[in-house]
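K.L.:
If it helps, the file is called my_file-v3.cif and holds mmCIF, C-alpha atoms:
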data_target
loop_
_atom_site.label_atom_id
_atom_site.label_comp_id
_atom_site.auth_asym_id
_atom_site.auth_seq_id
_atom_site.Cartn_x
_atom_site.Cartn_y
_atom_site.Cartn_z
CA MET A 212 -4.52 -43.26 -15.88
CA ASP A 213 -4.22 -46.85 -14.70
CA GLY A 214 -1.33 -47.77 -12.43
CA ALA A 215 -0.01 -50.68 -14.54
CA SER A 216 1.14 -48.43 -17.40
CA GLU A 217 3.08 -46.31 -14.90
CA ARG A 218 5.22 -49.26 -13.83
CA ARG A 219 8.64 -49.15 -15.37
CA TYR A 220 8.72 -52.62 -16.90
CA GLY A 221 10.87 -51.30 -19.73
CA ARG A 222 13.47 -49.89 -17.42
CA ALA A 223 13.39 -53.11 -15.37
CA THR A 224 13.97 -55.21 -18.49
CA PHE A 225 16.82 -52.97 -19.54
CA LEU A 226 18.51 -53.11 -16.13
CA LEU A 227 18.06 -56.89 -15.94
CA LEU A 228 19.69 -57.32 -19.35
CA VAL A 229 22.62 -55.02 -18.61
CA GLY A 230 23.08 -56.38 -15.08
CA GLY A 231 22.83 -59.99 -16.21
CA GLY A 232 25.23 -59.35 -19.06
CA LEU A 233 27.81 -57.59 -16.90
CA SER A 234 27.63 -60.25 -14.20
CA SER A 235 28.13 -62.95 -16.85
CA LEU A 236 31.66 -61.63 -17.18
CA ALA A 237 32.10 -63.43 -13.85
CA TRP A 238 30.07 -66.59 -14.44
CA GLY A 239 30.15 -66.94 -18.24
CA ALA A 240 33.14 -69.24 -18.41
CA LYS A 241 31.71 -71.56 -15.74
CA ALA A 242 28.34 -71.69 -17.47
CA SER A 243 30.08 -72.40 -20.75
CA GLY A 244 31.94 -75.28 -19.08
CA VAL A 245 28.62 -76.78 -17.94
CA LEU A 246 27.13 -76.34 -21.42
CA SER A 247 30.24 -77.46 -23.29
CA PRO A 248 29.05 -81.04 -24.03
CA LEU A 249 26.08 -79.43 -25.80
CA THR A 250 27.97 -76.67 -27.57
CA SER A 251 30.81 -78.92 -28.69
CA SER A 252 28.36 -81.36 -30.27
CA VAL A 253 26.74 -78.40 -32.07
CA SER A 254 30.23 -77.39 -33.11
CA GLN A 255 30.88 -80.81 -34.59
CA LEU A 256 27.58 -80.67 -36.45
CA VAL A 257 28.24 -77.34 -38.09
CA GLY A 258 31.96 -77.96 -38.33
CA ASN A 259 33.96 -75.00 -39.39
CA LEU A 260 30.94 -72.80 -39.85
CA PHE A 261 30.38 -71.68 -36.26
CA PRO A 262 33.20 -72.43 -33.85
CA VAL A 263 31.01 -72.98 -30.77
CA GLY A 264 33.59 -74.49 -28.43
CA GLY A 265 35.99 -74.83 -31.34
CA TRP A 266 38.93 -73.23 -33.02
CA ARG A 267 39.49 -69.61 -33.85
CA ILE A 268 42.28 -68.67 -36.18
CA TYR A 269 44.54 -65.89 -35.00
CA THR A 270 47.23 -64.35 -37.14
CA ILE A 271 49.38 -61.29 -36.67
CA SER A 272 50.27 -60.35 -40.24
CA GLY A 273 48.47 -59.45 -43.41
CA SER A 274 48.58 -62.88 -44.99
CA MET A 275 48.73 -66.49 -43.94
CA PRO A 276 51.85 -68.37 -45.08
CA ILE A 277 51.40 -70.95 -47.84
CA PHE A 278 53.16 -74.29 -47.51
CA ASP A 279 54.86 -75.83 -50.52
CA ALA A 280 56.43 -79.22 -49.78
CA LYS A 281 58.97 -78.73 -52.60
CA THR A 282 60.45 -75.54 -51.24
CA TRP A 283 59.66 -75.67 -47.51
CA ARG A 284 62.61 -76.36 -45.20
CA LEU A 285 63.06 -76.49 -41.44
CA GLU A 286 66.45 -75.12 -40.46
CA ILE A 287 67.90 -75.99 -37.09
CA GLY A 288 70.92 -73.95 -36.01
CA GLY A 289 72.47 -71.91 -33.23
CA LEU A 290 74.23 -73.71 -30.39
CA VAL A 291 74.33 -77.15 -32.01
CA ALA A 292 77.17 -79.38 -33.15
CA ASN A 293 75.46 -80.35 -36.43
CA PRO A 294 73.31 -77.56 -37.88
CA ARG A 295 70.89 -79.11 -40.31
CA THR A 296 68.05 -78.48 -42.69
CA PHE A 297 65.11 -80.85 -42.95
CA THR A 298 62.74 -81.30 -45.83
CA TYR A 299 59.11 -82.15 -45.10
CA ASP A 300 59.71 -85.79 -46.05
CA GLU A 301 62.74 -86.01 -43.79
CA LEU A 302 60.66 -84.79 -40.84
CA ARG A 303 58.00 -87.36 -41.72
CA ALA A 304 60.69 -90.07 -41.73
CA LEU A 305 61.62 -89.38 -38.08
CA PRO A 306 59.81 -91.47 -35.40
CA GLN A 307 56.22 -90.19 -35.16
CA SER A 308 54.32 -89.96 -31.88
CA HIS A 309 50.60 -89.56 -31.27
CA GLN A 310 48.71 -87.81 -28.49
CA VAL A 311 45.34 -86.43 -27.51
CA SER A 312 45.50 -83.17 -25.59
CA ASP A 313 43.45 -80.05 -24.83
CA PHE A 314 44.29 -76.74 -26.46
CA HIS A 315 43.87 -73.56 -24.41
CA CYS A 316 43.95 -70.06 -25.83
CA VAL A 317 44.91 -67.17 -23.59
CA THR A 318 41.85 -65.25 -24.82
CA GLY A 319 39.57 -67.73 -23.06
CA TRP A 320 38.57 -70.48 -25.48
CA THR A 321 39.53 -74.15 -25.27
CA VAL A 322 39.38 -77.06 -27.69
CA ARG A 323 39.24 -80.43 -25.91
CA GLY A 324 40.69 -83.69 -27.14
CA VAL A 325 42.74 -82.58 -30.13
CA ARG A 326 44.56 -85.52 -31.78
CA TRP A 327 48.11 -84.55 -32.71
CA SER A 328 50.85 -86.54 -34.44
CA GLY A 329 54.41 -85.50 -35.01
CA VAL A 330 57.97 -85.59 -33.79
CA ARG A 331 59.05 -85.42 -30.14
CA PHE A 332 61.74 -82.82 -29.63
CA PRO A 333 64.35 -85.20 -28.14
CA HIS A 334 64.22 -87.19 -31.42
CA LEU A 335 64.61 -84.01 -33.42
CA LEU A 336 67.42 -82.57 -31.31
CA ASP A 337 69.34 -85.88 -31.43
CA GLN A 338 69.84 -85.08 -35.10
CA VAL A 339 71.62 -81.78 -34.42
CA LYS A 340 73.40 -82.44 -31.07
CA PRO A 341 72.77 -79.34 -28.92
CA LEU A 342 75.92 -77.93 -27.29
CA PRO A 343 76.10 -77.89 -23.45
CA GLU A 344 75.68 -74.10 -23.33
CA ALA A 345 72.31 -74.28 -25.13
CA LYS A 346 69.57 -73.51 -22.61
CA ALA A 347 66.57 -72.50 -24.68
CA ILE A 348 65.08 -72.94 -28.11
CA ARG A 349 63.58 -70.25 -30.33
CA PHE A 350 60.95 -71.04 -32.93
CA ASP A 351 60.60 -68.72 -35.94
CA SER A 352 57.43 -68.68 -37.97
CA LEU A 353 57.04 -68.08 -41.68
CA GLU A 354 54.51 -65.52 -40.48
CA GLN A 355 56.88 -62.64 -39.80
CA PRO A 356 57.73 -61.43 -37.22
CA TYR A 357 56.17 -64.18 -35.07
CA ASN A 358 58.49 -66.20 -32.91
CA ASP A 359 58.46 -67.69 -29.45
CA SER A 360 60.66 -69.86 -27.29
CA LEU A 361 60.78 -72.59 -24.67
CA THR A 362 63.52 -73.73 -22.31
CA LEU A 363 65.13 -77.06 -23.15
CA GLU A 364 63.64 -78.44 -19.91
CA GLN A 365 60.14 -77.45 -21.03
CA LEU A 366 60.63 -79.48 -24.21
CA HIS A 367 60.61 -82.59 -22.01
CA LEU A 368 57.21 -81.87 -20.52
CA ARG A 369 54.51 -84.42 -21.29
CA ASP A 370 52.96 -84.14 -24.73
CA VAL A 371 55.22 -81.44 -26.14
CA MET A 372 55.77 -82.06 -29.84
CA LEU A 373 56.47 -80.67 -33.24
CA ALA A 374 53.09 -81.53 -34.75
CA LEU A 375 52.64 -82.42 -38.42
CA ASP A 376 49.11 -83.89 -38.21
CA MET A 377 45.98 -82.71 -36.45
CA ASP A 378 42.89 -84.90 -36.01
CA GLY A 379 44.26 -87.48 -38.44
CA GLN A 380 45.05 -85.07 -41.28
CA PRO A 381 48.18 -83.13 -42.21
CA LEU A 382 48.02 -79.69 -40.63
CA THR A 383 45.87 -77.31 -42.65
CA ARG A 384 47.03 -73.85 -43.60
CA ALA A 385 44.92 -72.25 -40.89
CA HIS A 386 46.48 -74.50 -38.26
CA GLY A 387 50.06 -73.76 -39.28
CA SER A 388 50.99 -76.17 -42.07
CA PRO A 389 53.25 -77.99 -42.35
CA ALA A 390 54.60 -77.95 -38.78
CA ARG A 391 53.68 -76.27 -35.51
CA VAL A 392 54.78 -76.48 -31.89
CA VAL A 393 52.34 -78.07 -29.44
CA ILE A 394 52.73 -77.62 -25.67
CA PRO A 395 49.38 -78.33 -23.99
CA GLU A 396 50.59 -77.13 -20.58
CA MET A 397 50.84 -73.60 -21.96
CA TYR A 398 48.57 -71.19 -23.82
CA GLY A 399 48.52 -71.48 -27.58
CA TYR A 400 50.66 -68.45 -28.33
CA LYS A 401 53.71 -70.49 -27.27
CA GLY A 402 52.93 -73.01 -30.03
CA VAL A 403 54.49 -71.34 -33.06
CA LYS A 404 52.69 -72.16 -36.31
CA TRP A 405 54.13 -72.28 -39.86
CA LEU A 406 57.49 -73.18 -38.32
CA THR A 407 60.49 -72.51 -40.55
CA ARG A 408 63.50 -72.17 -38.27
CA ILE A 409 64.63 -73.44 -34.88
CA GLU A 410 67.57 -71.88 -33.07
CA LEU A 411 69.21 -73.13 -29.89
CA VAL A 412 70.34 -70.25 -27.70
CA GLY A 413 72.02 -69.62 -24.35
CA HIS A 414 69.36 -67.27 -22.97
CA GLN A 415 65.64 -67.47 -23.56
CA PRO A 416 64.72 -64.54 -25.83
CA THR A 417 61.58 -62.40 -25.71
CA GLY A 418 59.02 -63.67 -28.20
CA TYR A 419 56.42 -61.76 -30.20
CA TRP A 420 53.63 -61.79 -27.59
CA GLU A 421 56.03 -61.50 -24.66
CA GLY A 422 57.19 -58.27 -26.25
CA LEU A 423 53.59 -57.08 -25.99
CA GLY A 424 53.38 -57.91 -22.30
CA TYR A 425 52.40 -61.57 -22.27
CA ASP A 426 54.10 -64.00 -19.87
CA GLN A 427 57.17 -65.96 -20.94
CA ASN A 428 55.92 -69.03 -19.08
CA ALA A 429 52.35 -69.24 -20.29
CA TRP A 430 51.13 -71.94 -17.89
CA VAL A 431 47.46 -72.65 -18.47
CA GLY A 432 45.45 -71.17 -15.58
CA HIS A 433 48.51 -69.68 -13.88
CA SER A 434 49.78 -66.88 -16.09
CA ASN A 435 48.70 -63.80 -18.01
CA GLY A 436 46.40 -62.62 -15.23
CA TYR A 437 44.71 -65.99 -14.66
CA THR A 438 44.99 -67.57 -11.25
CA SER A 439 43.21 -70.89 -11.75
CA ALA A 440 42.39 -73.20 -14.61
CA MET B 240 -13.98 -42.19 -59.47
CA ALA B 241 -10.74 -40.58 -58.39
CA THR B 242 -9.16 -42.11 -55.33
CA ARG B 243 -7.71 -39.79 -52.79
CA PRO B 244 -3.97 -40.37 -52.14
CA PRO B 245 -3.63 -42.15 -48.79
CA GLU B 246 -3.08 -39.96 -45.75
CA ARG B 247 0.38 -40.07 -44.27
CA VAL B 248 1.39 -40.20 -40.63
CA GLU B 249 4.82 -39.08 -39.50
CA ARG B 250 6.42 -42.00 -37.69
CA TRP B 251 10.16 -41.34 -37.19
CA ASN B 252 11.71 -37.90 -37.38
CA ARG B 253 15.14 -37.13 -38.76
CA THR B 254 16.94 -37.54 -35.41
CA GLU B 255 15.38 -40.93 -34.79
CA ARG B 256 16.08 -42.11 -38.30
CA THR B 257 19.68 -40.94 -38.16
CA ALA B 258 20.21 -42.74 -34.85
CA HIS B 259 18.68 -45.88 -36.34
CA TRP B 260 20.80 -45.87 -39.48
CA VAL B 261 24.01 -44.99 -37.66
CA HIS B 262 23.43 -47.96 -35.41
CA ALA B 263 22.36 -50.24 -38.27
CA THR B 264 25.38 -49.38 -40.42
CA ALA B 265 27.82 -49.82 -37.57
CA PHE B 266 26.15 -53.09 -36.57
CA CYS B 267 26.55 -54.52 -40.08
CA VAL B 268 30.21 -53.49 -40.39
CA LEU B 269 30.96 -54.79 -36.89
CA LEU B 270 29.11 -58.04 -37.58
CA GLY B 271 30.93 -58.58 -40.88
CA SER B 272 34.40 -57.76 -39.59
CA GLY B 273 33.69 -59.61 -36.34
CA LEU B 274 32.64 -62.79 -38.16
CA CYS B 275 35.82 -62.62 -40.23
CA LEU B 276 37.79 -62.49 -36.98
CA TYR B 277 35.72 -65.28 -35.44
CA LEU B 278 34.88 -67.93 -38.04
CA PRO B 279 37.88 -70.09 -39.04
CA SER B 280 36.70 -70.41 -42.65
CA LEU B 281 36.33 -66.62 -43.04
CA SER B 282 39.56 -65.93 -41.13
CA GLU B 283 41.43 -68.09 -43.59
CA ALA B 284 39.68 -66.68 -46.65
CA VAL B 285 40.26 -63.05 -45.67
CA SER B 286 43.46 -63.63 -43.77
CA ARG B 287 44.19 -59.92 -43.12
CA ARG B 288 43.57 -60.10 -39.39
CA PRO B 289 45.34 -56.88 -38.30
CA LEU B 290 43.34 -54.88 -40.86
CA LEU B 291 40.07 -56.49 -39.77
CA LYS B 292 40.85 -55.78 -36.13
CA ASP B 293 41.43 -52.12 -37.00
CA ILE B 294 38.18 -51.94 -38.98
CA HIS B 295 36.31 -53.53 -36.07
CA ILE B 296 37.76 -51.25 -33.40
CA TYR B 297 37.56 -47.99 -35.34
CA THR B 298 34.01 -48.74 -36.46
CA ALA B 299 33.06 -49.19 -32.81
CA LEU B 300 34.67 -45.86 -31.94
CA ALA B 301 33.00 -44.11 -34.88
CA TRP B 302 29.66 -45.62 -33.85
CA ALA B 303 29.95 -44.24 -30.31
CA VAL B 304 31.00 -40.78 -31.51
CA ALA B 305 28.30 -40.61 -34.19
CA LEU B 306 25.53 -41.61 -31.78
CA ALA B 307 26.77 -39.09 -29.22
CA VAL B 308 26.62 -36.38 -31.90
CA VAL B 309 23.08 -37.39 -32.87
CA PHE B 310 21.98 -37.22 -29.24
CA VAL B 311 23.63 -33.85 -28.70
CA VAL B 312 22.51 -32.01 -31.83
CA GLY B 313 19.32 -33.97 -32.54
CA ASP B 314 15.74 -33.40 -31.44
CA LYS B 315 16.06 -34.21 -27.74
CA ARG B 316 12.35 -33.83 -27.09
CA SER B 317 11.45 -36.69 -29.37
CA LEU B 318 14.31 -38.82 -28.03
CA ARG B 319 13.06 -38.22 -24.49
CA ALA B 320 9.54 -39.18 -25.58
CA THR B 321 10.87 -42.42 -27.06
CA PHE B 322 12.80 -43.23 -23.89
CA ARG B 323 9.67 -42.50 -21.82
CA GLU B 324 7.73 -44.92 -23.98
CA LEU B 325 10.38 -47.60 -23.54
CA ASP B 326 10.64 -46.95 -19.82
CA ARG B 327 7.02 -47.97 -19.25
CA LEU B 328 6.50 -50.24 -22.24
CA ASP B 329 3.67 -47.79 -22.98
CA PRO B 330 0.86 -49.77 -24.68
CA LYS B 331 -0.36 -46.57 -26.37
CA GLY B 332 3.13 -45.84 -27.72
CA ARG B 333 4.41 -45.76 -31.24
CA MET B 334 5.83 -49.26 -30.99
CA ASN B 335 4.12 -52.48 -30.05
CA ARG B 336 5.40 -54.55 -27.14
CA GLY B 337 7.76 -56.64 -29.27
CA GLN B 338 9.29 -53.57 -30.92
CA GLN B 339 9.74 -51.92 -27.54
CA LEU B 340 11.48 -55.00 -26.14
CA ASN B 341 13.65 -55.29 -29.24
CA THR B 342 14.70 -51.66 -28.86
CA ILE B 343 15.48 -52.12 -25.17
CA ALA B 344 17.49 -55.27 -25.89
CA THR B 345 19.35 -53.49 -28.69
CA ILE B 346 20.39 -50.65 -26.37
CA ALA B 347 21.34 -53.06 -23.56
CA PHE B 348 23.38 -55.22 -25.95
CA ALA B 349 25.13 -52.16 -27.37
CA ILE B 350 26.32 -51.35 -23.86
CA LEU B 351 27.37 -54.95 -23.18
CA PHE B 352 29.12 -55.21 -26.56
CA SER B 353 30.99 -52.00 -25.74
CA VAL B 354 32.07 -53.14 -22.28
CA SER B 355 33.16 -56.63 -23.35
CA GLY B 356 34.77 -55.25 -26.50
CA PHE B 357 36.71 -52.69 -24.50
CA LEU B 358 37.87 -55.44 -22.13
CA LEU B 359 38.99 -57.58 -25.06
CA TRP B 360 41.02 -54.69 -26.42
CA TYR B 361 42.39 -53.49 -23.09
CA GLY B 362 42.96 -56.98 -21.64
CA GLU B 363 45.41 -57.60 -24.47
CA ARG B 364 47.39 -54.62 -23.11
CA ASP B 365 46.96 -55.10 -19.36
CA THR B 366 46.37 -58.64 -18.10
CA ARG B 367 44.62 -57.39 -14.95
CA PHE B 368 41.65 -56.68 -17.21
CA ARG B 369 41.66 -60.10 -18.84
CA PHE B 370 38.79 -62.34 -17.78
CA ALA B 371 38.15 -65.87 -18.97
CA SER B 372 34.53 -64.98 -19.83
CA THR B 373 35.00 -61.76 -21.81
CA LEU B 374 35.33 -63.43 -25.20
CA LEU B 375 32.44 -65.81 -24.48
CA VAL B 376 30.16 -62.92 -23.47
CA HIS B 377 31.07 -61.02 -26.66
CA ASP B 378 30.33 -64.19 -28.68
CA TRP B 379 26.99 -64.87 -27.00
CA LEU B 380 25.90 -61.28 -27.54
CA MET B 381 26.70 -61.75 -31.22
CA TYR B 382 24.58 -64.92 -31.47
CA ILE B 383 21.59 -63.32 -29.69
CA SER B 384 21.92 -60.08 -31.67
CA LEU B 385 22.16 -62.01 -34.92
CA VAL B 386 18.85 -63.74 -34.19
CA LEU B 387 17.19 -60.42 -33.25
CA PHE B 388 18.67 -58.79 -36.36
CA LEU B 389 17.36 -61.51 -38.67
CA GLY B 390 13.94 -61.28 -37.05
CA HIS B 391 14.01 -57.51 -37.45
CA LEU B 392 14.89 -57.86 -41.14
CA TYR B 393 12.09 -60.38 -41.62
CA TYR B 394 9.47 -58.00 -40.22
CA ALA B 395 10.91 -54.93 -41.95
CA LEU B 396 11.55 -56.42 -45.40
CA ILE B 397 9.61 -59.65 -45.94
CA LEU B 398 6.41 -60.16 -43.92
CA PRO B 399 3.72 -58.42 -46.07
CA SER B 400 1.62 -57.16 -43.15
CA THR B 401 4.54 -55.40 -41.43
CA ARG B 402 7.05 -54.49 -44.11
CA HIS B 403 5.45 -51.12 -44.87
CA SER B 404 7.02 -50.06 -41.55
CA LEU B 405 10.30 -49.69 -43.46
CA SER B 406 8.84 -46.55 -45.03
CA GLY B 407 8.70 -45.05 -41.56
CA MET B 408 12.41 -45.54 -41.11
CA THR B 409 13.44 -44.47 -44.64
CA ARG B 410 10.98 -41.67 -45.60
CA GLY B 411 9.78 -40.92 -42.09
CA TRP B 412 6.07 -41.53 -42.74
CA VAL B 413 3.67 -44.43 -43.07
CA ARG B 414 0.23 -44.68 -44.64
CA GLU B 415 -2.51 -43.86 -42.20
CA ASP B 416 -4.58 -46.94 -43.10
CA TRP B 417 -1.57 -49.16 -42.35
CA ALA B 418 -0.83 -47.33 -39.10
CA LYS B 419 -4.46 -47.69 -38.01
CA ARG B 420 -4.29 -51.42 -38.60
CA ARG B 421 -0.92 -52.02 -36.92
CA HIS B 422 -0.84 -49.31 -34.25
CA PRO B 423 -4.44 -48.16 -33.66
CA ASP B 424 -3.80 -46.73 -30.18
CA TRP B 425 -0.82 -44.73 -31.37
CA VAL B 426 -2.77 -43.17 -34.27
CA ALA B 427 -5.71 -42.38 -32.01
CA ALA B 428 -3.43 -40.73 -29.44
CA LEU B 429 -1.68 -38.79 -32.21
CA ARG B 430 -4.96 -37.53 -33.68
CA SER B 431 -6.36 -36.46 -30.30
CA GLU B 432 -3.07 -34.64 -29.63
CA GLU B 433 -3.45 -32.85 -32.97
CA ARG B 434 -7.02 -31.83 -32.15
CA ALA B 435 -5.90 -30.55 -28.79
CA THR B 436 -3.23 -28.26 -30.28
#
Would you put the structure from the file into structure tokens?
P.N.:
Amino acid sequence: MDGASERRYGRATFLLLVGGGLSSLAWGAKASGVLSPLTSSVSQLVGNLFPVGGWRIYTISGSMPIFDAKTWRLEIGGLVANPRTFTYDELRALPQSHQVSDFHCVTGWTVRGVRWSGVRFPHLLDQVKPLPEAKAIRFDSLEQPYNDSLTLEQLHLRDVMLALDMDGQPLTRAHGSPARVVIPEMYGYKGVKWLTRIELVGHQPTGYWEGLGYDQNAWVGHSNGYTSA
Amino acid sequence: MATRPPERVERWNRTERTAHWVHATAFCVLLGSGLCLYLPSLSEAVSRRPLLKDIHIYTALAWAVALAVVFVVGDKRSLRATFRELDRLDPKGRMNRGQQLNTIATIAFAILFSVSGFLLWYGERDTRFRFASTLLVHDWLMYISLVLFLGHLYYALILPSTRHSLSGMTRGWVREDWAKRRHPDWVAALRSEERAT
């Protein structure tokens, strides 16, 4: 019997694959960062088909809400002097801002350079006059029982908005039409989609994902077990 | 002149076939449910994410249990022989080099899928087990496995010179003339073994 056939090339291949794969849990994200110019151009080529470096759509319930401009309303209530309900057109009539920001998901994917348009919260809250005891704001989604919250201070962070448009188009159903919260400094689960109600409250409540153990302050790179960006 | 029916050669026994089809079935269900969780267009079309997550996770569990059962109650001698062949990439084995490497990669990826999948599931419950790369690793495994899977289907179903191999995995036997063409060393070794016993 010749010596070559006794060598365990098969076992070596197997161990290399498993070892390489397991170690990539440590270096995968870095490698993906290096390759991201390539993968994101592939992503643009194939669009929605394969989200290489692109969006994934996460929902928590059995069906995705459907937006109807005729019946949809955004209620704002709680600790405000003038509770109010907005139609879609009324929201559109408020001063619109534009921004380009990165979107980070807590599960590890990122979409760079998303173009958002919508209403800054100070403009929106001017319409309802928050009371002095209001400290936080809760966002309820049409997708029950999803909700989350921010402090009023966090609403003044750079690039926080109630988005109505994404990449030049009205929000699609998958992205939370007609209105979603955008706060680029935090992971995406803080950005409630399919928004239907806003309530100003005295104490910041526990949101859907916080109830399942996620951090209230979902700072990108510094929360939920992550220690750097 | 009457033609003799072609001689048959046993290629995969019941244990090996069961292991193959358990893995294949689970792979297809996991791929389908996984793509629905992953691709925005499918996510929106199907929309029932919690159900799909359950299907994905329970299929993975069922896969692991079913394979364990096959290994425990199945023909361990033949499984050991197969592993020995893979261990050395035996050129006189039942499989050619490409098939051996594909099998090795499939086993390695199954382990990596399981580890990264477990971390995805558990990291959602305990953030100490959440790593930035877990999802990417699971995704990359899917892309590589998809390519291997499509190649495997091409050889098993489409390419005329190789597709008779499917008979080995469905009925357990292949025609001897085909086996002699595709795997001459294996048939020769088999025949000399038969003469010896």
K.L.:
Can you measure atom CA of Leu325 of chain B to atom CA of Ile343 of chain B for me? One decimal in Å is fine.
P.N.:
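We find that atom CA of Leu325 of chain B and atom CA of Ile343 of chain B lie 7.0 Å from each other.
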K.L.:
Taking only C-alpha atoms into account, which residues of chain B are within 7 Å of chain A, as a CSV table (one decimal) with C-alpha atoms, in the coordinates of the input?
P.N.:
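Now in selection06.csv:
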chain,number,residue,atom,x,y,z
B,277,TYR,CA,35.7,-65.3,-35.4
B,278,LEU,CA,34.9,-67.9,-38.0
B,279,PRO,CA,37.9,-70.1,-39.0
B,280,SER,CA,36.7,-70.4,-42.6
B,282,SER,CA,39.6,-65.9,-41.1
B,283,GLU,CA,41.4,-68.1,-43.6
B,286,SER,CA,43.5,-63.6,-43.8
B,287,ARG,CA,44.2,-59.9,-43.1
B,288,ARG,CA,43.6,-60.1,-39.4
B,289,PRO,CA,45.3,-56.9,-38.3
B,325,LEU,CA,10.4,-47.6,-23.5
B,326,ASP,CA,10.6,-47.0,-19.8
B,327,ARG,CA,7.0,-48.0,-19.2
B,328,LEU,CA,6.5,-50.2,-22.2
B,329,ASP,CA,3.7,-47.8,-23.0
B,343,ILE,CA,15.5,-52.1,-25.2
B,344,ALA,CA,17.5,-55.3,-25.9
B,347,ALA,CA,21.3,-53.1,-23.6
B,351,LEU,CA,27.4,-55.0,-23.2
B,364,ARG,CA,47.4,-54.6,-23.1
B,366,THR,CA,46.4,-58.6,-18.1
B,367,ARG,CA,44.6,-57.4,-15.0
B,369,ARG,CA,41.7,-60.1,-18.8
B,371,ALA,CA,38.2,-65.9,-19.0
B,372,SER,CA,34.5,-65.0,-19.8
B,373,THR,CA,35.0,-61.8,-21.8
B,374,LEU,CA,35.3,-63.4,-25.2
B,375,LEU,CA,32.4,-65.8,-24.5
B,376,VAL,CA,30.2,-62.9,-23.5
K.L.:
What is the distance, in Å and to one decimal place, between atom CA of Glu324 of chain B and atom CA of Thr264 of chain B?
P.N.:
24.5 Å
K.L.:
Applied to the shown file, which residues does the PyMOL selection byres ((chain A and resi 286) around 6) return, written as an MDAnalysis selection string?
P.N.:
chainID A and resid 285 287 295:296 408
K.L.:
Name the residues that the PyMOL selection byres ((chain A and resi 371) around 6) pulls out of this structure, and write them as a list in words.
P.N.:
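Expected selection for the PyMOL selection byres ((chain A and resi 371) around 6) here is Leu368, Arg369, Asp370, Met372, Val393 and Ile394 of chain A.
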K.L.:
Considering all atoms listed in the file, state which residue in the set B:Ser353, B:Thr257, B:Thr342, B:Thr321 is at the smallest distance from Thr298 of chain B.
P.N.:
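Under the stated criterion, the closest residue is B:Ser353.
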K.L.:
So the first atom is atom CA of Glu396 of chain A and the second is atom CA of His414 of chain A; what is the distance between them in Å, to one decimal place?
P.N.:
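We find that atom CA of Glu396 of chain A and atom CA of His414 of chain A lie 21.3 Å from each other.
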K.L.:
What lies within 12 Å of Asp424 of chain B using all atoms listed in the file, ignoring chain neighbours under 3 positions off, as a list in words?
P.N.:
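Residues near the query, excluding close chain neighbours: Asp329, Pro330, Lys331, Gly332, Arg333, Met334, Asn335, Ala418, Lys419, Arg420, Arg421, Ala427, Ala428, Leu429, Arg430 and Ser431 of chain B.
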K.L.:
Can you spit out the residues from that selection as a PDB file, in the coordinates of the input, using C-alpha atoms?
P.N.:
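The result, written out as out_13.pdb:
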ATOM      1  CA  ASP B 329       3.670 -47.790 -22.980  1.00  0.00           C
ATOM      2  CA  PRO B 330       0.860 -49.770 -24.680  1.00  0.00           C
ATOM      3  CA  LYS B 331      -0.360 -46.570 -26.370  1.00  0.00           C
ATOM      4  CA  GLY B 332       3.130 -45.840 -27.720  1.00  0.00           C
ATOM      5  CA  ARG B 333       4.410 -45.760 -31.240  1.00  0.00           C
ATOM      6  CA  MET B 334       5.830 -49.260 -30.990  1.00  0.00           C
ATOM      7  CA  ASN B 335       4.120 -52.480 -30.050  1.00  0.00           C
ATOM      8  CA  ALA B 418      -0.830 -47.330 -39.100  1.00  0.00           C
ATOM      9  CA  LYS B 419      -4.460 -47.690 -38.010  1.00  0.00           C
ATOM     10  CA  ARG B 420      -4.290 -51.420 -38.600  1.00  0.00           C
ATOM     11  CA  ARG B 421      -0.920 -52.020 -36.920  1.00  0.00           C
ATOM     12  CA  ALA B 427      -5.710 -42.380 -32.010  1.00  0.00           C
ATOM     13  CA  ALA B 428      -3.430 -40.730 -29.440  1.00  0.00           C
ATOM     14  CA  LEU B 429      -1.680 -38.790 -32.210  1.00  0.00           C
ATOM     15  CA  ARG B 430      -4.960 -37.530 -33.680  1.00  0.00           C
ATOM     16  CA  SER B 431      -6.360 -36.460 -30.300  1.00  0.00           C
TER      17      SER B 431
END
K.L.:
Take the PyMOL selection byres ((chain A and resi 322) around 6), run it mentally on this structure, and tell me the resulting residues as a PyMOL selection string.
P.N.:
chain A and resi 265+313-314+321+323
